[in-house]
file model.txt (compact mmCIF, C-alpha atoms and all ligand atoms)
# COMPACT_ATOMS: atom_id res chain seq x y z
CA MET A 146 9.75 -2.28 -6.78
CA ILE A 147 8.17 -5.10 -8.72
CA SER A 148 7.29 -3.94 -12.22
CA ASN A 149 4.03 -4.54 -13.99
CA GLN A 150 1.83 -4.51 -10.93
CA TRP A 151 -1.14 -2.52 -9.68
CA TYR A 152 -0.15 -0.80 -6.44
CA ALA A 153 -2.63 0.60 -3.93
CA VAL A 154 -1.29 4.14 -3.63
CA MET A 155 -3.85 6.45 -2.06
CA SER A 156 -7.24 6.74 -0.45
CA SER A 157 -9.86 8.00 -2.92
CA HIS A 158 -10.94 10.54 -0.29
CA ASP A 159 -7.62 12.36 -0.75
CA VAL A 160 -8.54 13.54 -4.27
CA LYS A 161 -11.64 15.70 -4.20
CA LYS A 162 -13.72 16.60 -7.24
CA GLY A 163 -12.15 19.43 -9.23
CA LYS A 164 -9.00 19.36 -7.08
CA VAL A 165 -5.32 18.46 -7.41
CA THR A 166 -3.29 16.42 -4.91
CA GLY A 167 0.48 16.31 -5.18
CA ALA A 168 2.14 13.14 -3.85
CA ARG A 169 5.43 11.34 -4.17
CA ARG A 170 5.03 7.75 -5.38
CA PHE A 171 7.45 5.25 -6.98
CA GLY A 172 10.32 7.70 -6.38
CA GLU A 173 8.63 10.33 -8.56
CA ASN A 174 6.70 13.49 -7.79
CA LEU A 175 3.18 12.99 -9.14
CA VAL A 176 -0.14 14.75 -9.19
CA PHE A 177 -3.47 13.08 -8.82
CA PHE A 178 -6.40 15.16 -10.00
CA ARG A 179 -10.11 14.64 -10.26
CA THR A 180 -12.17 16.28 -12.95
CA GLU A 181 -15.44 18.01 -12.23
CA ALA A 182 -17.15 14.90 -13.65
CA GLY A 183 -15.27 12.62 -11.24
CA GLY A 184 -12.63 11.19 -13.61
CA LEU A 185 -9.20 10.61 -12.12
CA GLY A 186 -5.78 11.40 -13.60
CA CYS A 187 -2.28 10.64 -12.35
CA VAL A 188 0.65 12.28 -14.14
CA SER A 189 4.19 13.44 -13.47
CA SER A 190 4.01 16.71 -11.55
CA ARG A 191 6.76 18.42 -13.53
CA CYS A 192 5.37 20.64 -16.25
CA ALA A 193 7.01 19.92 -19.60
CA HIS A 194 7.33 23.63 -20.38
CA ARG A 195 9.62 25.00 -17.69
CA GLY A 196 9.40 22.57 -14.85
CA ALA A 197 6.90 24.15 -12.47
CA SER A 198 4.99 21.77 -10.24
CA LEU A 199 1.49 20.96 -11.35
CA ALA A 200 0.71 20.26 -7.70
CA LYS A 201 0.09 24.01 -7.46
CA GLY A 202 -2.13 23.91 -10.52
CA CYS A 203 -5.89 23.60 -10.84
CA VAL A 204 -8.50 21.57 -12.68
CA LYS A 205 -10.23 23.30 -15.60
CA ASN A 206 -12.77 21.66 -17.90
CA GLY A 207 -11.53 18.14 -17.22
CA ASN A 208 -7.84 19.01 -17.55
CA ILE A 209 -5.07 20.01 -15.17
CA ARG A 210 -3.71 23.49 -15.75
CA CYS A 211 -0.15 24.50 -14.87
CA PRO A 212 -0.06 27.51 -12.53
CA PHE A 213 2.88 29.14 -14.35
CA HIS A 214 1.83 29.73 -17.99
CA GLY A 215 -1.44 27.85 -18.09
CA ILE A 216 -0.54 24.82 -20.22
CA GLU A 217 -3.24 22.17 -19.88
CA TYR A 218 -3.01 18.37 -19.80
CA ASP A 219 -5.78 15.79 -19.82
CA VAL A 220 -6.11 12.79 -17.46
CA THR A 221 -3.72 10.77 -19.63
CA GLY A 222 -1.03 13.46 -19.51
CA LYS A 223 -1.69 14.55 -23.10
CA CYS A 224 -1.06 18.24 -23.64
CA VAL A 225 -4.26 19.81 -24.93
CA HIS A 226 -3.62 23.55 -24.80
CA VAL A 227 -0.73 26.04 -24.82
CA PRO A 228 -2.31 29.46 -24.07
CA SER A 229 0.52 31.57 -25.50
CA ASP A 230 0.06 29.88 -28.92
CA GLY A 231 -3.58 30.93 -28.95
CA ARG A 232 -6.77 28.88 -29.26
CA ALA A 233 -6.52 28.91 -33.05
CA SER A 234 -3.15 27.06 -33.03
CA THR A 235 -3.10 23.69 -34.75
CA ALA A 236 0.48 22.87 -33.71
CA ASP A 237 1.33 19.34 -32.68
CA LEU A 238 1.55 19.47 -28.86
CA SER A 239 2.72 15.91 -28.32
CA ARG A 240 6.22 17.02 -27.30
CA PHE A 241 4.68 18.35 -24.10
CA ASN A 242 2.93 15.10 -23.16
CA LEU A 243 3.62 13.95 -19.61
CA ARG A 244 4.32 10.51 -18.23
CA HIS A 245 1.08 9.16 -16.88
CA TYR A 246 0.06 6.27 -14.70
CA ALA A 247 -3.07 4.26 -15.40
CA VAL A 248 -5.37 4.29 -12.37
CA ARG A 249 -8.33 2.34 -11.01
CA GLU A 250 -10.53 3.03 -8.00
CA ILE A 251 -11.92 0.13 -6.03
CA GLY A 252 -13.37 0.29 -2.52
CA ASP A 253 -12.22 3.92 -2.09
CA ILE A 254 -8.63 2.95 -2.87
CA ILE A 255 -6.68 4.31 -5.83
CA PHE A 256 -4.54 1.74 -7.61
CA ALA A 257 -1.80 2.88 -10.00
CA TRP A 258 -0.12 0.70 -12.63
CA TYR A 259 3.65 0.66 -12.30
CA GLY A 260 5.36 -0.92 -15.29
CA ASP A 261 4.99 -1.10 -19.04
CA ALA A 262 2.82 1.48 -20.74
CA GLU A 263 -0.31 -0.64 -21.00
CA PRO A 264 -1.67 -2.38 -17.90
CA VAL A 265 -2.11 -6.12 -17.97
CA GLY A 266 -5.04 -7.41 -15.94
CA GLU A 267 -6.80 -5.60 -13.12
CA PRO A 268 -5.85 -4.94 -9.46
CA ASP A 269 -6.05 -7.85 -7.04
CA TYR A 270 -7.61 -6.94 -3.70
CA PHE A 271 -9.34 -8.34 -0.63
CA ASP A 272 -13.12 -8.49 -1.08
CA ILE A 273 -13.74 -6.63 2.16
CA ILE A 274 -12.93 -3.31 0.49
CA THR A 275 -16.08 -3.59 -1.63
CA ASP A 276 -18.27 -5.25 1.01
CA PRO A 277 -20.95 -2.69 2.02
CA SER A 278 -21.74 -4.50 5.27
CA TYR A 279 -18.45 -3.28 6.75
CA THR A 280 -17.63 0.22 8.00
CA TYR A 281 -14.05 1.44 8.15
CA ASP A 282 -11.84 4.17 9.51
CA HIS A 283 -8.63 5.08 7.68
CA THR A 284 -5.32 6.32 9.10
CA GLU A 285 -1.89 6.81 7.56
CA ASP A 286 1.66 7.26 8.73
CA THR A 287 4.95 7.82 6.90
CA TRP A 288 7.89 5.54 7.70
CA GLY A 289 11.54 6.17 6.82
CA VAL A 290 12.11 2.82 5.09
CA ASP A 291 11.27 1.18 1.77
CA TYR A 292 7.74 -0.26 1.67
CA SER A 293 9.16 -3.81 1.53
CA ARG A 294 10.40 -3.45 5.12
CA VAL A 295 6.97 -2.39 6.31
CA ILE A 296 5.36 -5.37 4.58
CA GLU A 297 7.81 -7.77 6.18
CA ASN A 298 7.07 -6.30 9.58
CA GLN A 299 3.44 -7.31 9.12
CA LEU A 300 4.48 -10.88 8.33
CA ASP A 301 6.84 -11.14 11.31
CA VAL A 302 5.48 -13.34 14.12
CA SER A 303 8.51 -13.41 16.44
CA HIS A 304 8.58 -9.68 17.16
CA LEU A 305 5.19 -9.73 18.88
CA PRO A 306 6.28 -10.47 22.50
CA PHE A 307 9.08 -7.92 22.26
CA ILE A 308 7.92 -4.85 20.35
CA HIS A 309 4.29 -5.35 21.37
CA ARG A 310 4.72 -6.74 24.89
CA THR A 311 2.30 -4.11 26.23
CA THR A 312 -0.34 -4.51 23.50
CA ILE A 313 -1.00 -7.34 21.01
CA GLY A 314 2.04 -9.32 22.18
CA ARG A 315 1.18 -9.66 25.86
CA GLY A 316 1.80 -12.99 27.58
CA ASN A 317 5.51 -13.57 26.97
CA LYS A 318 4.86 -16.04 24.13
CA THR A 319 8.39 -15.96 22.79
CA LEU A 320 8.45 -19.43 21.22
CA CYS A 321 7.06 -19.60 17.69
CA ASN A 322 5.33 -22.73 16.48
CA GLY A 323 5.58 -22.94 12.69
CA PRO A 324 4.56 -20.55 11.42
CA LYS A 325 2.53 -22.35 8.82
CA VAL A 326 2.39 -20.57 5.46
CA VAL A 327 -0.14 -21.47 2.78
CA TRP A 328 -0.68 -19.94 -0.63
CA LEU A 329 -4.40 -19.29 -1.10
CA ASP A 330 -3.73 -18.58 -4.75
CA ASP A 331 -0.74 -17.62 -6.85
CA ASN A 332 -0.83 -14.06 -5.53
CA THR A 333 -1.96 -14.48 -1.92
CA LEU A 334 -0.19 -15.98 1.07
CA GLN A 335 -1.69 -16.72 4.46
CA THR A 336 -0.04 -17.30 7.80
CA SER A 337 -0.79 -16.90 11.48
CA ALA A 338 1.07 -16.38 14.70
CA ASN A 339 0.93 -19.53 16.77
CA ASN A 340 3.24 -18.49 19.56
CA ALA A 341 3.55 -20.05 23.02
CA VAL A 342 5.24 -19.51 26.36
CA ASP A 343 8.60 -21.28 26.30
CA THR A 344 8.47 -24.09 28.85
CA GLY A 345 11.30 -26.01 27.26
CA GLN A 346 9.23 -27.60 24.50
CA THR A 347 10.35 -27.84 20.87
CA PRO A 348 8.42 -25.54 18.49
CA LEU A 349 6.07 -27.32 16.10
CA ALA A 350 7.25 -27.50 12.51
CA GLY A 351 5.36 -25.43 9.96
CA LYS A 352 3.51 -28.50 8.61
CA ASP A 353 2.31 -29.44 12.12
CA SER A 354 1.35 -25.91 13.06
CA ILE A 355 -2.04 -24.38 12.31
CA ILE A 356 -3.59 -21.35 10.68
CA LYS A 357 -5.77 -19.79 13.37
CA ASP A 358 -9.06 -17.96 12.91
CA THR A 359 -7.07 -14.79 13.53
CA ASN A 360 -4.73 -14.88 10.56
CA LEU A 361 -2.63 -12.71 8.28
CA ASN A 362 -3.05 -12.53 4.53
CA PHE A 363 -0.92 -10.77 1.97
CA LYS A 364 -1.54 -10.01 -1.68
CA PHE A 365 1.23 -8.89 -3.98
CA PRO A 366 2.38 -6.30 -4.48
CA ASN A 367 1.31 -4.31 -1.39
CA MET A 368 -1.93 -5.22 0.38
CA TRP A 369 -2.37 -7.05 3.69
CA LEU A 370 -5.35 -8.20 5.71
CA ASN A 371 -5.44 -9.18 9.35
CA HIS A 372 -8.52 -11.36 9.72
CA VAL A 373 -9.15 -10.80 13.43
CA SER A 374 -12.65 -12.31 13.32
CA ASP A 375 -15.57 -12.41 10.90
CA ARG A 376 -16.68 -9.02 12.24
CA ILE A 377 -13.32 -7.27 12.61
CA GLN A 378 -10.63 -7.09 9.97
CA ILE A 379 -7.67 -4.76 9.62
CA LEU A 380 -6.53 -3.92 6.11
CA ALA A 381 -3.24 -2.26 5.28
CA PHE A 382 -1.61 -1.10 2.11
CA PHE A 383 2.00 -0.13 1.97
CA ILE A 384 2.51 2.81 -0.33
CA PRO A 385 5.87 3.07 -2.10
CA VAL A 386 7.08 6.69 -1.82
CA ASP A 387 10.75 6.16 -2.68
CA ASP A 388 13.59 3.81 -1.72
CA GLU A 389 13.75 5.22 1.80
CA HIS A 390 10.15 6.21 2.51
CA SER A 391 6.76 4.63 2.51
CA ILE A 392 3.30 5.27 3.88
CA ILE A 393 1.40 2.67 5.81
CA ALA A 394 -2.34 3.08 5.23
CA LEU A 395 -4.40 1.23 7.82
CA ARG A 396 -8.13 0.62 7.68
CA PHE A 397 -10.04 -0.78 10.60
CA TYR A 398 -13.15 -2.55 9.18
CA ASN A 399 -15.95 -3.86 11.33
CA LYS A 400 -19.61 -4.88 11.28
CA ILE A 401 -19.97 -5.45 15.00
CA THR A 402 -23.47 -3.99 15.42
CA GLY A 403 -24.53 -3.67 11.78
CA LYS A 404 -25.60 -0.07 12.55
CA LYS A 405 -23.43 2.20 10.44
CA SER A 406 -23.19 5.07 12.92
CA ILE A 407 -22.15 2.82 15.81
CA ASP A 408 -19.78 0.75 13.68
CA LYS A 409 -18.20 4.01 12.53
CA CYS A 410 -17.44 4.94 16.17
CA ILE A 411 -16.03 1.46 16.77
CA ALA A 412 -13.86 1.80 13.65
CA TRP A 413 -12.59 5.16 14.89
CA LEU A 414 -11.63 3.62 18.23
CA GLY A 415 -10.07 0.65 16.42
CA SER A 416 -7.93 3.07 14.43
CA ARG A 417 -6.63 4.64 17.65
CA ALA A 418 -5.57 1.19 18.84
CA ASN A 419 -3.99 0.48 15.44
CA ARG A 420 -1.95 3.65 15.76
CA VAL A 421 -0.52 2.62 19.13
CA VAL A 422 0.60 -0.74 17.73
CA GLU A 423 1.88 0.81 14.51
CA LYS A 424 4.05 3.32 16.39
CA GLN A 425 5.61 0.46 18.36
CA ASP A 426 6.64 -1.14 15.07
CA LYS A 427 7.76 2.06 13.39
CA ARG A 428 10.19 2.97 16.16
CA ILE A 429 12.21 -0.19 15.55
CA VAL A 430 11.68 -0.96 11.84
CA GLU A 431 13.00 2.48 10.92
CA THR A 432 16.36 1.43 12.41
CA GLN A 433 16.69 -1.62 10.13
CA LEU A 434 19.48 -1.61 7.59
CA PRO A 435 19.44 -1.80 4.66
CA LYS A 436 16.27 0.23 4.31
CA LYS A 437 15.07 -1.96 1.46
CA SER A 438 14.52 -5.69 1.76
CA GLY A 439 15.82 -8.30 -0.67
CA LEU A 440 16.67 -11.95 -1.02
CA MET A 441 20.42 -11.61 -0.39
CA ILE A 442 20.96 -8.77 2.05
CA GLY A 443 23.13 -10.62 4.56
CA GLU A 444 20.50 -11.28 7.21
CA LYS A 445 20.61 -14.50 9.21
CA LEU A 446 17.01 -15.63 9.27
CA VAL A 447 15.31 -18.01 11.71
CA LYS A 448 12.50 -20.55 11.32
CA ALA A 449 9.96 -18.01 12.54
CA ASP A 450 10.84 -15.85 9.53
CA LYS A 451 9.20 -18.32 7.12
CA PRO A 452 6.48 -15.87 5.95
CA ILE A 453 9.18 -13.27 5.27
CA ILE A 454 11.23 -15.82 3.33
CA GLU A 455 8.17 -16.70 1.24
CA TYR A 456 7.54 -13.01 0.58
CA ARG A 457 11.13 -12.39 -0.47
CA SER A 458 11.27 -15.44 -2.74
CA LYS A 459 8.07 -14.59 -4.57
CA ARG A 460 9.06 -10.94 -4.84
CA ASP A 461 12.41 -11.94 -6.30
CA LYS A 462 10.68 -14.21 -8.82
CA LEU A 463 8.32 -11.44 -9.89
CA GLN A 464 11.18 -8.97 -10.20
CA LYS A 465 13.12 -11.40 -12.40
CA LEU A 466 10.12 -11.87 -14.69
CA LYS A 467 10.57 -8.29 -15.79
CA GLU A 468 14.30 -8.76 -16.39
CA GLU A 469 13.82 -11.85 -18.60
S1 LIG A 501 6.01 25.86 -16.55
FE1 LIG A 501 4.05 25.04 -16.79
S2 LIG A 501 3.15 26.26 -18.28
FE2 LIG A 501 5.12 27.08 -18.09
FE FE A 502 4.26 -5.31 14.80
call {"tool": "encode", "arguments": {"input": "model.txt", "output": "structure tokens", "more": "lines below"}}
Ligand code: FES
Ligand SMILES: [Fe+2]
result
Amino acid sequence: MISNQWYAVMSSHDVKKGKVTGARRFGENLVFFRTEAGGLGCVSSRCAHRGASLAKGCVKNGNIRCPFHGIEYDVTGKCVHVPSDGRASTADLSRFNLRHYAVREIGDIIFAWYGDAEPVGEPDYFDIITDPSYTYDHTEDTWGVDYSRVIENQLDVSHLPFIHRTTIGRGNKTLCNGPKVVWLDDNTLQTSANNAVDTGQTPLAGKDSIIKDTNLNFKFPNMWLNHVSDRIQILAFFIPVDDEHSIIALRFYNKITGKKSIDKCIAWLGSRANRVVEKQDKRIVETQLPKKSGLMIGEKLVKADKPIIEYRSKRDKLQKLKEE
């Protein structure tokens, strides 16, 4: 994990009004809950009293109530009521307070702050998530590796003709020109596959290669955008579950016809195609060892791994910031 970052961790649709959703994130069991008024809370799921899971609890008057003895916590994890002490009690309840994660919701995505108590800045995201002209369909799948491995898979251009030889990697383009990597800003890298059939030529160096109209973009800490064309874009966020598990959330966005109902059908079909490609990746990436990526993990990288090297270097820098 990189500390002091806003991570995209869940689709807003997964937390309904007045309901509780239990989910493992950042190696911890958490509950997300939405008040009747629409406010969102994210707290540790373990009740401070005797350890029951709040995931089985309910929302009452803007608070989450433990199913065991009815203790209530607000959206910041502050204990607000211990039923057995009675309503008239004026006891200090702060010893029951739960760890809580600050949250934001943007473009139907829940972001949670992982790091020091108070968030610094706001989530960084691709504008498409708030662009009303696009329609999307959302799918998710759990992978048995750390989220960093899933991210790197989406920045890997040399696997295309092998893992995806029947889908997006057709054509036996095994030779990788570049890839060129540019930093659009301090937090966002861009690259593109510029592969070719190997006829004995020497691959172009990164500086001589190009970024194509179909390109890949990544924002730290965990959001990726495949700009297929101006009308079709595939967004992914890589949800950290724990050191050996992650969830890939994929959204197929399009504005092909501009008619919402038709674009919705296209997005649904796009999601089916995404799933086929994603399963091809998952089958192999889940075999990678170690399950978590890092700068010095004994891999022998090749020129085509440039985007992965850039990702690892920046990630390492950000991780060290916290240690300083
Ligand atoms: S364990 Fe939650 S109220 Fe007792
Ligand atoms: Fe892939």
call {"tool": "atom_distance", "arguments": {"input": "model.txt", "atom1": "CA of Val248 (chain A)", "atom2": "CA of Ser156 (chain A)"}}
result
12.3 Å
call {"tool": "axis_aligned_box", "arguments": {"input": "model.txt", "around": "region 334-351 of chain A", "padding_each_side": "8 Å", "output": "JSON"}}
result
{"center_x": 4.8, "center_y": -21.9, "center_z": 15.0, "size_x": 29.0, "size_y": 27.9, "size_z": 43.8}
call {"tool": "residues_around", "arguments": {"input": "model.txt", "residues": "region 431-434 of chain A", "least_positions_apart": "4", "cutoff": "12 Å", "atoms": "only C-alpha atoms", "output": "ChimeraX atom specification"}}
result
/A:287-295,297-298,389-391,423-427,438-439,442-444
call {"tool": "residues_near_ligand", "arguments": {"input": "model.txt", "ligand": "ligand FE 502 (chain A)", "cutoff": "12 Å", "atoms": "all atoms listed in the file", "output": "ChimeraX atom specification"}}
result
/A:294-314,338,371,419-430
call {"tool": "write_last_selection", "arguments": {"input": "model.txt", "atoms": "C-alpha atoms", "output": "compact mmCIF listing (two decimals), in the coordinates of the input"}}
result
# COMPACT_ATOMS: atom_id res chain seq x y z
CA ARG A 294 10.40 -3.45 5.12
CA VAL A 295 6.97 -2.39 6.31
CA ILE A 296 5.36 -5.37 4.58
CA GLU A 297 7.81 -7.77 6.18
CA ASN A 298 7.07 -6.30 9.58
CA GLN A 299 3.44 -7.31 9.12
CA LEU A 300 4.48 -10.88 8.33
CA ASP A 301 6.84 -11.14 11.31
CA VAL A 302 5.48 -13.34 14.12
CA SER A 303 8.51 -13.41 16.44
CA HIS A 304 8.58 -9.68 17.16
CA LEU A 305 5.19 -9.73 18.88
CA PRO A 306 6.28 -10.47 22.50
CA PHE A 307 9.08 -7.92 22.26
CA ILE A 308 7.92 -4.85 20.35
CA HIS A 309 4.29 -5.35 21.37
CA ARG A 310 4.72 -6.74 24.89
CA THR A 311 2.30 -4.11 26.23
CA THR A 312 -0.34 -4.51 23.50
CA ILE A 313 -1.00 -7.34 21.01
CA GLY A 314 2.04 -9.32 22.18
CA ALA A 338 1.07 -16.38 14.70
CA ASN A 371 -5.44 -9.18 9.35
CA ASN A 419 -3.99 0.48 15.44
CA ARG A 420 -1.95 3.65 15.76
CA VAL A 421 -0.52 2.62 19.13
CA VAL A 422 0.60 -0.74 17.73
CA GLU A 423 1.88 0.81 14.51
CA LYS A 424 4.05 3.32 16.39
CA GLN A 425 5.61 0.46 18.36
CA ASP A 426 6.64 -1.14 15.07
CA LYS A 427 7.76 2.06 13.39
CA ARG A 428 10.19 2.97 16.16
CA ILE A 429 12.21 -0.19 15.55
CA VAL A 430 11.68 -0.96 11.84
call {"tool": "atom_distance", "arguments": {"input": "model.txt", "atom1": "CA of Pro324 (chain A)", "atom2": "CA of Ile453 (chain A)"}}
result
10.6 Å
call {"tool": "residues_near_ligand", "arguments": {"input": "model.txt", "ligand": "ligand LIG 501 (chain A)", "cutoff": "6 Å", "atoms": "only C-alpha atoms and all ligand atoms", "output": "PyMOL selection string"}}
result
chain A and resi 192+194-197+211+213-216
call {"tool": "residues_around", "arguments": {"input": "model.txt", "residues": "Tyr246 (chain A)", "least_positions_apart": "5", "cutoff": "7 Å", "atoms": "all atoms listed in the file", "output": "NGL selection string"}}
result
:A and (187-188 or 257-258)
call {"tool": "atom_distance", "arguments": {"input": "model.txt", "atom1": "CA of Thr336 (chain A)", "atom2": "CA of Asn360 (chain A)"}}
result
6.0 Å
call {"tool": "residues_around", "arguments": {"input": "model.txt", "residues": "Met155 (chain A)", "least_positions_apart": "6", "cutoff": "12 Å", "atoms": "all atoms listed in the file", "output": "MDAnalysis selection string"}}
result
chainID A and resid 166:170 175:177 187 248:257 283:285 367 381:386 391:395
call {"tool": "residues_around", "arguments": {"input": "model.txt", "residues": "region 263-278 of chain A", "least_positions_apart": "2", "cutoff": "8 Å", "atoms": "all atoms listed in the file", "output": "PDB file with C-alpha atoms, in the coordinates of the input"}}
result
ATOM      1  CA  ASN A 149       4.030  -4.540 -13.990  1.00  0.00           C
ATOM      2  CA  GLN A 150       1.830  -4.510 -10.930  1.00  0.00           C
ATOM      3  CA  TRP A 151      -1.140  -2.520  -9.680  1.00  0.00           C
ATOM      4  CA  TYR A 152      -0.150  -0.800  -6.440  1.00  0.00           C
ATOM      5  CA  ALA A 247      -3.070   4.260 -15.400  1.00  0.00           C
ATOM      6  CA  ARG A 249      -8.330   2.340 -11.010  1.00  0.00           C
ATOM      7  CA  ILE A 251     -11.920   0.130  -6.030  1.00  0.00           C
ATOM      8  CA  GLY A 252     -13.370   0.290  -2.520  1.00  0.00           C
ATOM      9  CA  ASP A 253     -12.220   3.920  -2.090  1.00  0.00           C
ATOM     10  CA  PHE A 256      -4.540   1.740  -7.610  1.00  0.00           C
ATOM     11  CA  TRP A 258      -0.120   0.700 -12.630  1.00  0.00           C
ATOM     12  CA  GLY A 260       5.360  -0.920 -15.290  1.00  0.00           C
ATOM     13  CA  ASP A 261       4.990  -1.100 -19.040  1.00  0.00           C
ATOM     14  CA  THR A 280     -17.630   0.220   8.000  1.00  0.00           C
ATOM     15  CA  LYS A 364      -1.540 -10.010  -1.680  1.00  0.00           C
ATOM     16  CA  PHE A 365       1.230  -8.890  -3.980  1.00  0.00           C
ATOM     17  CA  MET A 368      -1.930  -5.220   0.380  1.00  0.00           C
ATOM     18  CA  LEU A 370      -5.350  -8.200   5.710  1.00  0.00           C
ATOM     19  CA  LYS A 400     -19.610  -4.880  11.280  1.00  0.00           C
ATOM     20  CA  GLY A 403     -24.530  -3.670  11.780  1.00  0.00           C
TER      21      GLY A 403
END
call {"tool": "closest_residue", "arguments": {"input": "model.txt", "among": "A:Asn242, A:Asn322, A:Asn317, A:Thr180", "to": "Ala449 (chain A)", "atoms": "all atoms listed in the file"}}
result
A:Asn322
call {"tool": "closest_residue", "arguments": {"input": "model.txt", "among": "A:Asp450, A:Thr319, A:Ser416, A:Ser406", "to": "Gly345 (chain A)", "atoms": "all atoms listed in the file"}}
result
A:Thr319
call {"tool": "residues_around", "arguments": {"input": "model.txt", "residues": "Val160 (chain A)", "least_positions_apart": "2", "cutoff": "7 Å", "atoms": "all atoms listed in the file", "output": "number ranges by chain"}}
result
A: 157-158, 162, 164-166, 177-179
call {"tool": "closest_residue", "arguments": {"input": "model.txt", "among": "A:Asp282, A:Asp331, A:Glu455, A:Asp387", "to": "Ile411 (chain A)", "atoms": "only C-alpha atoms"}}
result
A:Asp282
